[in-house]
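Written out below as structure tokens is the structure these notes cover.
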Amino acid sequence: MTFREYLSSAIVRLDGGMGTLLQEQGLRAGEYPERWNLTHPAVIRGIHCAYYEAGSRVVSTNTFGANRLKFSAAELEEIVAAAVQNAKDAREACGGGDRYIALDIGPSGKLLRPLGDLDFEEAVALFAETVKLGVKYGVDLILIETMNDCYETKAALLAAKENSTLPVLVSNAYGEDGKLMTGATPSAMAAMLESMGADAIGANCSLGPRQLRGVAEELVAAASVPVLLKPNAGLPRAVDGRTVFDVSEQEFADELSALTEQGVRVVGGCCGTTPAYIAALEQRLQKLTPAPIMPKSHTVVSSYTHAVTFGGVPLLIGERINPTGKKRFKQALMENDMDYLLSEGVQQQERGVHLLDVNVGLPDIDEVAMLTAAVCELQAVCDLPLQIDTANPAAMEAALRRYNGKALINSVNGKAESMAAVFPLVKKYGGAVIALTLDENGIPADAAGRVAIARKILEVAASYGIDKRDIVFDTLAMTVSADEQAACATLEALRTIRRELGCHTSLGVSNVSFGLPQREALNSVFFALALENGLSAAIMNPYSADMMRTYYTYNALKGHDPNCAAYIAAAERFATVGTAAPVTTAEQVAGSGLQQAIVKGLKERAAEETAALLKTTPPLDIVQNEIVPALNTVGEGFEKKTVYLPQLLMSAEAAKVAFERIKTAMTAGDTSAARGCVVLATVKGDIHDIGKNIVKLLLENYGFQVIDLGRDVPPETVAEEVVNRRAPLVGLSALMTTTVPAMEETVRLLKVQAPWCKVMVGGAVLTAEYAARIGADAYAKDAMEGVRLAESMIKE
């Protein structure tokens, strides 16, 4: 039986934790677990055998952190080859049969650009190297797990799909708020991963089964592929000097088996779980039959934070990032004025659109480079899903490859050439696609002709493995000044496609009024007619008072607006906003000051505003009255979960630009205003420095002097630096359970050599109780809490 056959017919049994078992076998603080494949192969084989005997049908190779950031090319190959062989030997020792080996791939430990320093293509190449080795040495499937960033998850999955034909299971690490570190919901991850072709999607690590119940339920509701769940054995705590986890084997098995009854199909354990946990789970699973995997018909797109679903409340797609008829926008593109483009995106989001159309097509620019840059930069300051709008297949592919989420693609049409160019990209990178009802013969004058083209498009899409839920039809609004029946044909085709084909629809509404006076009047009435005939989404100008008035009124009258709340909130704007062309958004942002630029993450604007303020305002006044309040606004939003990590980091980057301008204007005496020295390090054996780097950026923006020792730092190096600088505070980070002992050793050494120094710790495997047990003075659950602790502890 192949693994895909097993996956489709059974509740798949994975294994449990590896790192905690290696610690019990003597893994030293700071030692790389992957090297034990070479130095202690019998131990690794024994653990694999124990899991097979407990009931696991799939064991994961001991390669969680095996990548070129930790090992040379030669050593990496040695490690992967030995890891796979150890698993094969264990399988043979347990009788072979239908038992499978998964290549285990964990996160790189770095944030991808623009939030970090690892380029997307570098990340793809990093994962690809490990994938190729796994394929070479004979694994049966690939397990990508513990990913806490949507973008890195995409890079790993793309590497797996481009370099193998093996089944790929993808699992993310969700926090207590049910989201990834960078803000993605389970629904957003399901949209992207399923669209890219993952064989199963799910959650692991961070929390116990009860805390992950909501995540699992959301994934089951969203996904048409099997859902995976590998919880921890709860959270770590200290008992009689030992680290234990707070969920027993029986409780773990009860909780996880109950979730399989609700639709979870792939189960196992993560940190703290042992063969005893898997054996207890197996006893429960033997009595259960697999819940059916229910195909979903949702048409969904996503950003790096959330999914947007077609159907129900009509969607608004902001049309302003498009050079057609916009002289100032064309100038911005020619001058590579990215802040102008970003301002258009931010302002449209504030106007209430659900998606942003992104079109940068001009004859005199490199559209491939510009569209890719626009998509990446927009996603750094705005969390709306994007509609990638281009007729250039090369630009489309470049932008789709870099897009963080599941994009809406504009567009394909009924021409054979168009479908042959676009559908392979949709299949490879995922996405929903706008389909124009035209073909080699042009645009049919009647509705029947357009519906016939729609049927043809669906048939060809299906041949590429693209479901009709990912096709959104545009029945093409034509100007009524040239044909008085044009609007009627568009509406009839729209209604037929929605009701008979069961597909969603989109229109560029304003085309209907081209060449006529008082276009807003025609546009708004046509918009209302289209909505009543089943229009799912409109590409429109959110600055048009008439269009927005129609939209909110329609939703209130159709029961889409509970208590008419949105209508009431918008009513005041209806009364004050006219139909004249709006002030350009770049000018609006420029007039809003430095605080607004920082809050929105607009770096160039922040630099300009700072330069202007320095002409009239003392540098430290700018810091205290402009920069720190802006950072506090974003920080408080992050703490309240209304702002997510990418927005926090981009605001910090904008503040950093402002600080650099200020530093050049300050005298040498002014630099003494630093609030204190903080030494940061990721502990020995751990290469995951995302959390530490985020804390560094924020601390620097709040005026602290930060000494960053990097990652994989020995305790002696940390203590020496603290003593030399007489630093009052140290921040230590660790992601993996196997590196927590190195953190404890570092804390112990600091207490001896630098007793005046306070120590705060953080990381996915830590809790406040555990931090206290290893001697730390404070535990920071996230970067903003680290800043707050630094403020209070250095003040003390």
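Going by the structure tokens order, chains are called A, B, ..., each with residues numbered from 1, while ligands are numbered from 1 in the order shown.
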
Contacts between segment 104-125 of chain A and segment 336-430 of chain A, please, where a residue of segment 336-430 of chain A counts if it comes within 12 Å (with only C-alpha atoms); show its shortest atom pair and distance in Å to one decimal, rows by chain and ascending number, as CSV.
residue,atom,partner,partner_atom,distance
A:Ala373,CA,A:Pro114,CA,10.7
A:Val375,CA,A:Pro114,CA,11.5
A:Cys376,CA,A:Pro114,CA,7.7
A:Glu377,CA,A:Pro114,CA,7.8
A:Leu378,CA,A:Pro114,CA,10.6
A:Gln379,CA,A:Pro114,CA,9.2
A:Ala380,CA,A:Pro114,CA,6.8
A:Val381,CA,A:Pro114,CA,10.2
A:Ala398,CA,A:Glu121,CA,11.3
A:Arg401,CA,A:Phe120,CA,9.2
A:Arg402,CA,A:Phe120,CA,7.3
A:Tyr403,CA,A:Phe120,CA,10.1
A:Asn404,CA,A:Phe120,CA,10.2

For the selection just defined, write its residues with N, CA and C atoms to a file, as a PDB file, in the first residue's frame.
ATOM      1  N   ALA A 373       8.108  43.451  -6.881  1.00  0.00           N
ATOM      2  CA  ALA A 373       8.444  44.379  -5.797  1.00  0.00           C
ATOM      3  C   ALA A 373       7.192  44.968  -5.176  1.00  0.00           C
ATOM      4  N   VAL A 375       4.160  43.687  -5.008  1.00  0.00           N
ATOM      5  CA  VAL A 375       3.477  42.671  -4.198  1.00  0.00           C
ATOM      6  C   VAL A 375       4.181  42.487  -2.866  1.00  0.00           C
ATOM      7  N   CYS A 376       5.501  42.366  -2.892  1.00  0.00           N
ATOM      8  CA  CYS A 376       6.257  42.153  -1.646  1.00  0.00           C
ATOM      9  C   CYS A 376       6.155  43.362  -0.721  1.00  0.00           C
ATOM     10  N   GLU A 377       6.294  44.555  -1.275  1.00  0.00           N
ATOM     11  CA  GLU A 377       6.249  45.763  -0.445  1.00  0.00           C
ATOM     12  C   GLU A 377       4.848  46.001   0.115  1.00  0.00           C
ATOM     13  N   LEU A 378       3.826  45.788  -0.702  1.00  0.00           N
ATOM     14  CA  LEU A 378       2.464  45.958  -0.207  1.00  0.00           C
ATOM     15  C   LEU A 378       2.162  45.007   0.945  1.00  0.00           C
ATOM     16  N   GLN A 379       2.637  43.768   0.813  1.00  0.00           N
ATOM     17  CA  GLN A 379       2.356  42.810   1.880  1.00  0.00           C
ATOM     18  C   GLN A 379       3.115  43.127   3.158  1.00  0.00           C
ATOM     19  N   ALA A 380       4.125  43.985   3.073  1.00  0.00           N
ATOM     20  CA  ALA A 380       4.839  44.383   4.269  1.00  0.00           C
ATOM     21  C   ALA A 380       4.069  45.414   5.092  1.00  0.00           C
ATOM     22  N   VAL A 381       3.158  46.161   4.461  1.00  0.00           N
ATOM     23  CA  VAL A 381       2.444  47.220   5.188  1.00  0.00           C
ATOM     24  C   VAL A 381       0.937  47.020   5.222  1.00  0.00           C
ATOM     25  N   ALA A 398       6.292  35.462 -11.535  1.00  0.00           N
ATOM     26  CA  ALA A 398       7.221  36.031 -10.560  1.00  0.00           C
ATOM     27  C   ALA A 398       6.480  36.556  -9.336  1.00  0.00           C
ATOM     28  N   ARG A 401       4.896  33.611  -7.266  1.00  0.00           N
ATOM     29  CA  ARG A 401       5.910  32.864  -6.522  1.00  0.00           C
ATOM     30  C   ARG A 401       6.229  33.567  -5.208  1.00  0.00           C
ATOM     31  N   ARG A 402       6.286  34.871  -5.239  1.00  0.00           N
ATOM     32  CA  ARG A 402       6.648  35.649  -4.048  1.00  0.00           C
ATOM     33  C   ARG A 402       5.447  36.008  -3.176  1.00  0.00           C
ATOM     34  N   TYR A 403       4.262  35.792  -3.668  1.00  0.00           N
ATOM     35  CA  TYR A 403       3.075  36.201  -2.911  1.00  0.00           C
ATOM     36  C   TYR A 403       2.929  35.354  -1.654  1.00  0.00           C
ATOM     37  N   ASN A 404       2.622  35.997  -0.549  1.00  0.00           N
ATOM     38  CA  ASN A 404       2.514  35.329   0.746  1.00  0.00           C
ATOM     39  C   ASN A 404       1.043  35.045   1.044  1.00  0.00           C
TER      40      ASN A 404
END

Checklist line | Test item: residues at most 8 Å from Leu166 of chain A, only C-alpha atoms, excluding those fewer than 2 positions along its chain, as a list in words | finding: Asp140, Leu141, Ile142, Lys161, Ser164 and Val168 of chain A

Next item on the list: Enumerate as a ChimeraX atom specification all residues of segment 148-328 of chain A assigned to strand (DSSP E) by DSSP on the backbone, naming them with the chain letters and numbers the document uses.
Entry: /A:168-172,200-204,227-230,236-239,242-245,266-267,300-302,307-309,315-321

Margin query: Can you pull out the residues contacting Thr682 of chain A? Cut-off 12 Å, using only C-alpha atoms, and skip same-chain residues under 3 positions away; I want them as a PyMOL selection string.
Written below: chain A and resi 30+109+679+685-693+695-696+708-715+717-718+730-736+739-740+742-743+746+761-763

Note to self: Report as a PyMOL selection string all protein, DNA and RNA residues lying within 8 Å of segment 191-208 of chain A, evaluated on only C-alpha atoms, omitting residues in the same chain fewer than 5 positions from it.
What the structure shows: chain A and resi 145-146+154+157-158+167-176+215-216+219+222-235+247+252+269-271+300-302+307+405-406+427-431+764-765

Item checked: segment 118-182 of chain A: residues DSSP assigns to helix (DSSP H, G or I), reported as JSON, numbers by chain -> {"A": [120, 121, 122, 123, 124, 125, 126, 127, 128, 129, 130, 131, 132, 133, 134, 135, 136, 137, 150, 151, 152, 153, 154, 155, 156, 157, 158, 159, 160, 161, 162, 163]}

Note to self: So that I can see what lies close to segment 612-618 of chain A, please list as a list of chain:residue names the residues with an atom at most 8 Å from it, counting only C-alpha atoms and leaving out residues fewer than 4 positions away in the same chain.
What the structure shows: A:Glu608, A:Ile622, A:Ile662, A:Ala665

Please dump the current selection as an mmCIF file, in the first residue's frame; keep all heavy atoms.
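Below you can see selection.cif, which holds the result:
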data_model
loop_
_atom_site.group_PDB
_atom_site.id
_atom_site.type_symbol
_atom_site.label_atom_id
_atom_site.label_comp_id
_atom_site.auth_asym_id
_atom_site.auth_seq_id
_atom_site.Cartn_x
_atom_site.Cartn_y
_atom_site.Cartn_z
ATOM 1 N N GLU A 608 11.330 61.407 5.314
ATOM 2 C CA GLU A 608 10.988 62.761 4.873
ATOM 3 C C GLU A 608 10.402 63.580 6.015
ATOM 4 O O GLU A 608 10.751 64.754 6.208
ATOM 5 C CB GLU A 608 10.001 62.689 3.713
ATOM 6 C CG GLU A 608 10.580 62.077 2.438
ATOM 7 C CD GLU A 608 9.508 61.783 1.403
ATOM 8 O OE1 GLU A 608 8.336 62.116 1.657
ATOM 9 O OE2 GLU A 608 9.840 61.203 0.345
ATOM 10 N N ILE A 622 11.697 64.953 19.128
ATOM 11 C CA ILE A 622 11.083 64.127 18.079
ATOM 12 C C ILE A 622 10.971 62.685 18.566
ATOM 13 O O ILE A 622 9.950 62.022 18.360
ATOM 14 C CB ILE A 622 11.915 64.198 16.780
ATOM 15 C CG1 ILE A 622 11.948 65.636 16.249
ATOM 16 C CG2 ILE A 622 11.330 63.263 15.720
ATOM 17 C CD1 ILE A 622 12.873 65.815 15.057
ATOM 18 N N ILE A 662 17.839 61.131 12.832
ATOM 19 C CA ILE A 662 18.041 61.898 14.061
ATOM 20 C C ILE A 662 19.486 61.783 14.537
ATOM 21 O O ILE A 662 20.105 62.763 14.968
ATOM 22 C CB ILE A 662 17.046 61.430 15.142
ATOM 23 C CG1 ILE A 662 15.638 61.906 14.780
ATOM 24 C CG2 ILE A 662 17.447 61.925 16.526
ATOM 25 C CD1 ILE A 662 14.552 61.312 15.622
ATOM 26 N N ALA A 665 21.876 64.101 13.077
ATOM 27 C CA ALA A 665 21.663 65.498 13.451
ATOM 28 C C ALA A 665 22.065 65.789 14.893
ATOM 29 O O ALA A 665 22.103 66.943 15.308
ATOM 30 C CB ALA A 665 20.198 65.876 13.247
#

Next item on the list: Can you work out which one of A:His504, A:Arg213, A:Lys600, A:Arg265 has the shortest atom-to-atom distance to Gln647 of chain A, counting only C-alpha atoms?
Entry: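 Using only C-alpha atoms, Gln647 of chain A sits closest to A:Lys600.
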
Checklist line | Residue nearest Asp546 of chain A - candidates A:Ala399, A:Cys677, A:Ala768, A:Ala521, atoms counted: only C-alpha atoms | finding: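 That would be A:Ala521, the residue with the smallest distance to Asp546 of chain A.
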
Next item on the list: Could you please determine the separation between atom CA of Cys49 of chain A and atom CA of Arg210 of chain A in Å, to one decimal place?
Entry: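 Atom-to-atom, atom CA of Cys49 of chain A to atom CA of Arg210 of chain A, that is 28.1 Å.
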
Checklist line | Point-to-point distance in Å for atom CA of Val131 of chain A and atom CA of Gly16 of chain A | finding: 21.5 Å

Item checked: Ala652 of chain A surroundings by only C-alpha atoms, 12 Å radius, close-in-sequence under 6 positions cut, as an MDAnalysis selection string -> chainID A and resid 115 380:381 595 597:603 606 627:628 630:635 645:646 658:659 693:702 783:784
